[in-house]
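One structure is given here, and the rest of the page talks about it.
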Amino acid sequence: MESVIFVILLLFWIPVWAVRREIAYRQSPGYWRRWGVVVLSPSALQACDDRIGSYMGEPIFEHVRFCGHDYHFDRVADSKERDLIEGGELFLEPGLVYRLTDTATWKRS
C-alpha cells in the first residue's frame, strides 16, 4: 500500500517539478538570449528610456525593459520579419527591433 501511495505522489510531483523548472528557465537571461520575443503592444513593456524618434506613428525608444531584461534599439524591420527574429532580440510592433543589452550600461530614470 505504501508503495502505491509513493508511486502516485511521484507521478504527481514530476509534472509539477517540470512546470516549475520551465517557468524558472523562462525568467532567466539564458532563455531570452536563445529565443527572441515579440511584443504586440508597447503597454506590455515595463519601462522605456529616451525617445530617439518615431516609426509609423509609434515612438522609438533608445532602451526598453521587458520581463526584467533590458534591450537597446537595433533597427527597423518589416513587420513580416517578426517571426524571423533571432535569440536575444525583441520585436515591437510595427517593426522595431531591440537587442539584449548589459544592465550596467542602461541609465535608469
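We name chains A, B, ... following the order of the C-alpha cells; residues begin at 1 in each chain, and ligands are numbered from 1 as shown.
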If you take only C-alpha atoms and a cut-off of 12 Å, which residues of stretch 60-84 of chain A touch stretch 17-26 of chain A, and what are their nearest atom pairs and distances in Å to one decimal, in chain and number order, as JSON lines?
{"residue": "A:Cys67", "atom": "CA", "partner": "A:Arg26", "partner_atom": "CA", "distance": 9.4}
{"residue": "A:Gly68", "atom": "CA", "partner": "A:Arg26", "partner_atom": "CA", "distance": 11.2}
{"residue": "A:His69", "atom": "CA", "partner": "A:Arg26", "partner_atom": "CA", "distance": 11.6}
- Task: Identify, on the basis of only C-alpha atoms, every residue whose closest approach to stretch 35-48 of chain A does not exceed 9 Å; exclude the query and any residue fewer than 3 positions from it along the same chain; express the result as a list of chain:residue names.
- Result: A:Gly30, A:Tyr31, A:Trp32, A:Arg51, A:Phe61, A:Glu62, A:His63, A:Val64, A:Arg65, A:Phe66, A:Cys67, A:Gly68, A:Asp70, A:Arg82, A:Asp83, A:Leu84, A:Ile85, A:Glu86, A:Gly87, A:Gly88, A:Glu89, A:Leu90, A:Phe91, A:Leu92, A:Glu93, A:Pro94, A:Ser109
- Message: Can you pull out every residue from chain A that DSSP, working from the backbone, puts in strand (DSSP E), and format the result as a VMD selection string?
- Response: chain A and resid 37 to 39 47 to 48 51 to 55 58 to 61 63 to 66 69 to 76 89 to 92 96 to 100
Residues from last step as file, C-alpha atoms, as a JSON list (two decimals), in the first residue's frame:
[["chain", "number", "residue", "atom", "x", "y", "z"],
["A", 37, "VAL", "CA", 10.35, 37.79, -28.15],
["A", 38, "VAL", "CA", 7.51, 39.54, -30.00],
["A", 39, "VAL", "CA", 5.67, 42.32, -28.18],
["A", 47, "ALA", "CA", 10.00, 50.66, -18.83],
["A", 48, "CYS", "CA", 11.11, 52.90, -21.68],
["A", 51, "ARG", "CA", 12.69, 58.69, -27.15],
["A", 52, "ILE", "CA", 15.01, 58.89, -30.17],
["A", 53, "GLY", "CA", 12.48, 59.09, -32.99],
["A", 54, "SER", "CA", 9.31, 57.62, -34.38],
["A", 55, "TYR", "CA", 8.34, 55.00, -36.95],
["A", 58, "GLU", "CA", 4.99, 54.85, -32.86],
["A", 59, "PRO", "CA", 7.85, 56.20, -30.73],
["A", 60, "ILE", "CA", 11.29, 54.63, -30.93],
["A", 61, "PHE", "CA", 12.91, 54.38, -27.52],
["A", 63, "HIS", "CA", 16.19, 51.39, -24.34],
["A", 64, "VAL", "CA", 13.21, 49.32, -23.20],
["A", 65, "ARG", "CA", 12.68, 46.79, -20.42],
["A", 66, "PHE", "CA", 10.64, 43.60, -20.83],
["A", 69, "HIS", "CA", 15.62, 42.33, -19.16],
["A", 70, "ASP", "CA", 16.99, 45.45, -20.84],
["A", 71, "TYR", "CA", 17.08, 45.91, -24.62],
["A", 72, "HIS", "CA", 18.56, 48.67, -26.77],
["A", 73, "PHE", "CA", 17.26, 49.80, -30.17],
["A", 74, "ASP", "CA", 18.91, 47.95, -33.05],
["A", 75, "ARG", "CA", 16.99, 48.54, -36.28],
["A", 76, "VAL", "CA", 13.68, 48.94, -38.05],
["A", 89, "GLU", "CA", 16.04, 40.20, -29.93],
["A", 90, "LEU", "CA", 12.75, 41.88, -29.09],
["A", 91, "PHE", "CA", 10.38, 42.76, -31.92],
["A", 92, "LEU", "CA", 7.97, 45.57, -31.08],
["A", 96, "LEU", "CA", 11.12, 47.97, -34.17],
["A", 97, "VAL", "CA", 13.85, 45.51, -33.24],
["A", 98, "TYR", "CA", 15.74, 45.75, -29.95],
["A", 99, "ARG", "CA", 18.68, 43.63, -28.73],
["A", 100, "LEU", "CA", 19.50, 42.46, -25.22]]
- Please give the complete set of residues from stretch 9-68 of chain A that DSSP, run on the backbone, assigns to alpha helix (DSSP H), formatted as a list of chain:residue names. A:Leu9, A:Leu10, A:Leu11, A:Phe12, A:Trp13, A:Ile14, A:Pro15, A:Val16, A:Trp17, A:Ala18, A:Val19, A:Arg20, A:Arg21, A:Glu22, A:Ile23, A:Ala24, A:Tyr25, A:Arg26, A:Pro29, A:Gly30, A:Tyr31, A:Trp32, A:Arg33, A:Arg34
Selection to disk with N, CA and C atoms, as a PDB file, in the first residue's frame:
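The resulting file, selection08.pdb, is shown below:
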ATOM      1  N   LEU A   9       2.242   9.760  -5.592  1.00  0.00           N
ATOM      2  CA  LEU A   9       2.870  11.033  -5.265  1.00  0.00           C
ATOM      3  C   LEU A   9       3.981  11.371  -6.244  1.00  0.00           C
ATOM      4  N   LEU A  10       4.765  10.391  -6.625  1.00  0.00           N
ATOM      5  CA  LEU A  10       5.845  10.608  -7.582  1.00  0.00           C
ATOM      6  C   LEU A  10       5.289  11.029  -8.939  1.00  0.00           C
ATOM      7  N   LEU A  11       4.229  10.378  -9.386  1.00  0.00           N
ATOM      8  CA  LEU A  11       3.629  10.725 -10.669  1.00  0.00           C
ATOM      9  C   LEU A  11       2.991  12.115 -10.645  1.00  0.00           C
ATOM     10  N   PHE A  12       2.540  12.560  -9.494  1.00  0.00           N
ATOM     11  CA  PHE A  12       2.008  13.897  -9.357  1.00  0.00           C
ATOM     12  C   PHE A  12       3.130  14.933  -9.287  1.00  0.00           C
ATOM     13  N   TRP A  13       4.217  14.589  -8.611  1.00  0.00           N
ATOM     14  CA  TRP A  13       5.306  15.534  -8.382  1.00  0.00           C
ATOM     15  C   TRP A  13       6.108  15.819  -9.642  1.00  0.00           C
ATOM     16  N   ILE A  14       6.298  14.841 -10.508  1.00  0.00           N
ATOM     17  CA  ILE A  14       7.129  15.020 -11.710  1.00  0.00           C
ATOM     18  C   ILE A  14       6.592  16.135 -12.614  1.00  0.00           C
ATOM     19  N   PRO A  15       5.297  16.174 -12.971  1.00  0.00           N
ATOM     20  CA  PRO A  15       4.823  17.296 -13.807  1.00  0.00           C
ATOM     21  C   PRO A  15       4.915  18.646 -13.101  1.00  0.00           C
ATOM     22  N   VAL A  16       4.657  18.675 -11.806  1.00  0.00           N
ATOM     23  CA  VAL A  16       4.769  19.930 -11.057  1.00  0.00           C
ATOM     24  C   VAL A  16       6.207  20.423 -11.091  1.00  0.00           C
ATOM     25  N   TRP A  17       7.156  19.542 -10.891  1.00  0.00           N
ATOM     26  CA  TRP A  17       8.575  19.886 -10.948  1.00  0.00           C
ATOM     27  C   TRP A  17       8.955  20.391 -12.344  1.00  0.00           C
ATOM     28  N   ALA A  18       8.462  19.728 -13.382  1.00  0.00           N
ATOM     29  CA  ALA A  18       8.799  20.123 -14.757  1.00  0.00           C
ATOM     30  C   ALA A  18       8.246  21.517 -15.089  1.00  0.00           C
ATOM     31  N   VAL A  19       7.029  21.799 -14.652  1.00  0.00           N
ATOM     32  CA  VAL A  19       6.434  23.114 -14.917  1.00  0.00           C
ATOM     33  C   VAL A  19       7.191  24.197 -14.159  1.00  0.00           C
ATOM     34  N   ARG A  20       7.519  23.953 -12.911  1.00  0.00           N
ATOM     35  CA  ARG A  20       8.274  24.941 -12.126  1.00  0.00           C
ATOM     36  C   ARG A  20       9.646  25.194 -12.744  1.00  0.00           C
ATOM     37  N   ARG A  21      10.274  24.149 -13.237  1.00  0.00           N
ATOM     38  CA  ARG A  21      11.593  24.288 -13.880  1.00  0.00           C
ATOM     39  C   ARG A  21      11.485  25.128 -15.152  1.00  0.00           C
ATOM     40  N   GLU A  22      10.444  24.896 -15.945  1.00  0.00           N
ATOM     41  CA  GLU A  22      10.259  25.661 -17.180  1.00  0.00           C
ATOM     42  C   GLU A  22       9.972  27.134 -16.887  1.00  0.00           C
ATOM     43  N   ILE A  23       9.166  27.403 -15.885  1.00  0.00           N
ATOM     44  CA  ILE A  23       8.870  28.795 -15.509  1.00  0.00           C
ATOM     45  C   ILE A  23      10.140  29.497 -15.057  1.00  0.00           C
ATOM     46  N   ALA A  24      10.945  28.833 -14.254  1.00  0.00           N
ATOM     47  CA  ALA A  24      12.206  29.433 -13.800  1.00  0.00           C
ATOM     48  C   ALA A  24      13.142  29.671 -14.975  1.00  0.00           C
ATOM     49  N   TYR A  25      13.184  28.745 -15.931  1.00  0.00           N
ATOM     50  CA  TYR A  25      14.055  28.910 -17.096  1.00  0.00           C
ATOM     51  C   TYR A  25      13.609  30.091 -17.951  1.00  0.00           C
ATOM     52  N   ARG A  26      12.301  30.297 -18.099  1.00  0.00           N
ATOM     53  CA  ARG A  26      11.812  31.412 -18.916  1.00  0.00           C
ATOM     54  C   ARG A  26      12.071  32.763 -18.274  1.00  0.00           C
ATOM     55  N   PRO A  29      17.989  35.008 -18.028  1.00  0.00           N
ATOM     56  CA  PRO A  29      18.504  35.676 -19.236  1.00  0.00           C
ATOM     57  C   PRO A  29      18.895  34.683 -20.331  1.00  0.00           C
ATOM     58  N   GLY A  30      19.273  33.476 -19.969  1.00  0.00           N
ATOM     59  CA  GLY A  30      19.643  32.479 -20.962  1.00  0.00           C
ATOM     60  C   GLY A  30      18.512  32.142 -21.909  1.00  0.00           C
ATOM     61  N   TYR A  31      17.295  32.137 -21.399  1.00  0.00           N
ATOM     62  CA  TYR A  31      16.131  31.851 -22.243  1.00  0.00           C
ATOM     63  C   TYR A  31      15.948  32.940 -23.290  1.00  0.00           C
ATOM     64  N   TRP A  32      16.038  34.191 -22.863  1.00  0.00           N
ATOM     65  CA  TRP A  32      15.827  35.307 -23.786  1.00  0.00           C
ATOM     66  C   TRP A  32      16.986  35.460 -24.753  1.00  0.00           C
ATOM     67  N   ARG A  33      18.200  35.006 -24.375  1.00  0.00           N
ATOM     68  CA  ARG A  33      19.322  35.032 -25.327  1.00  0.00           C
ATOM     69  C   ARG A  33      19.149  33.962 -26.404  1.00  0.00           C
ATOM     70  N   ARG A  34      18.495  32.878 -26.055  1.00  0.00           N
ATOM     71  CA  ARG A  34      18.307  31.785 -27.006  1.00  0.00           C
ATOM     72  C   ARG A  34      17.099  32.024 -27.912  1.00  0.00           C
TER      73      ARG A  34
END
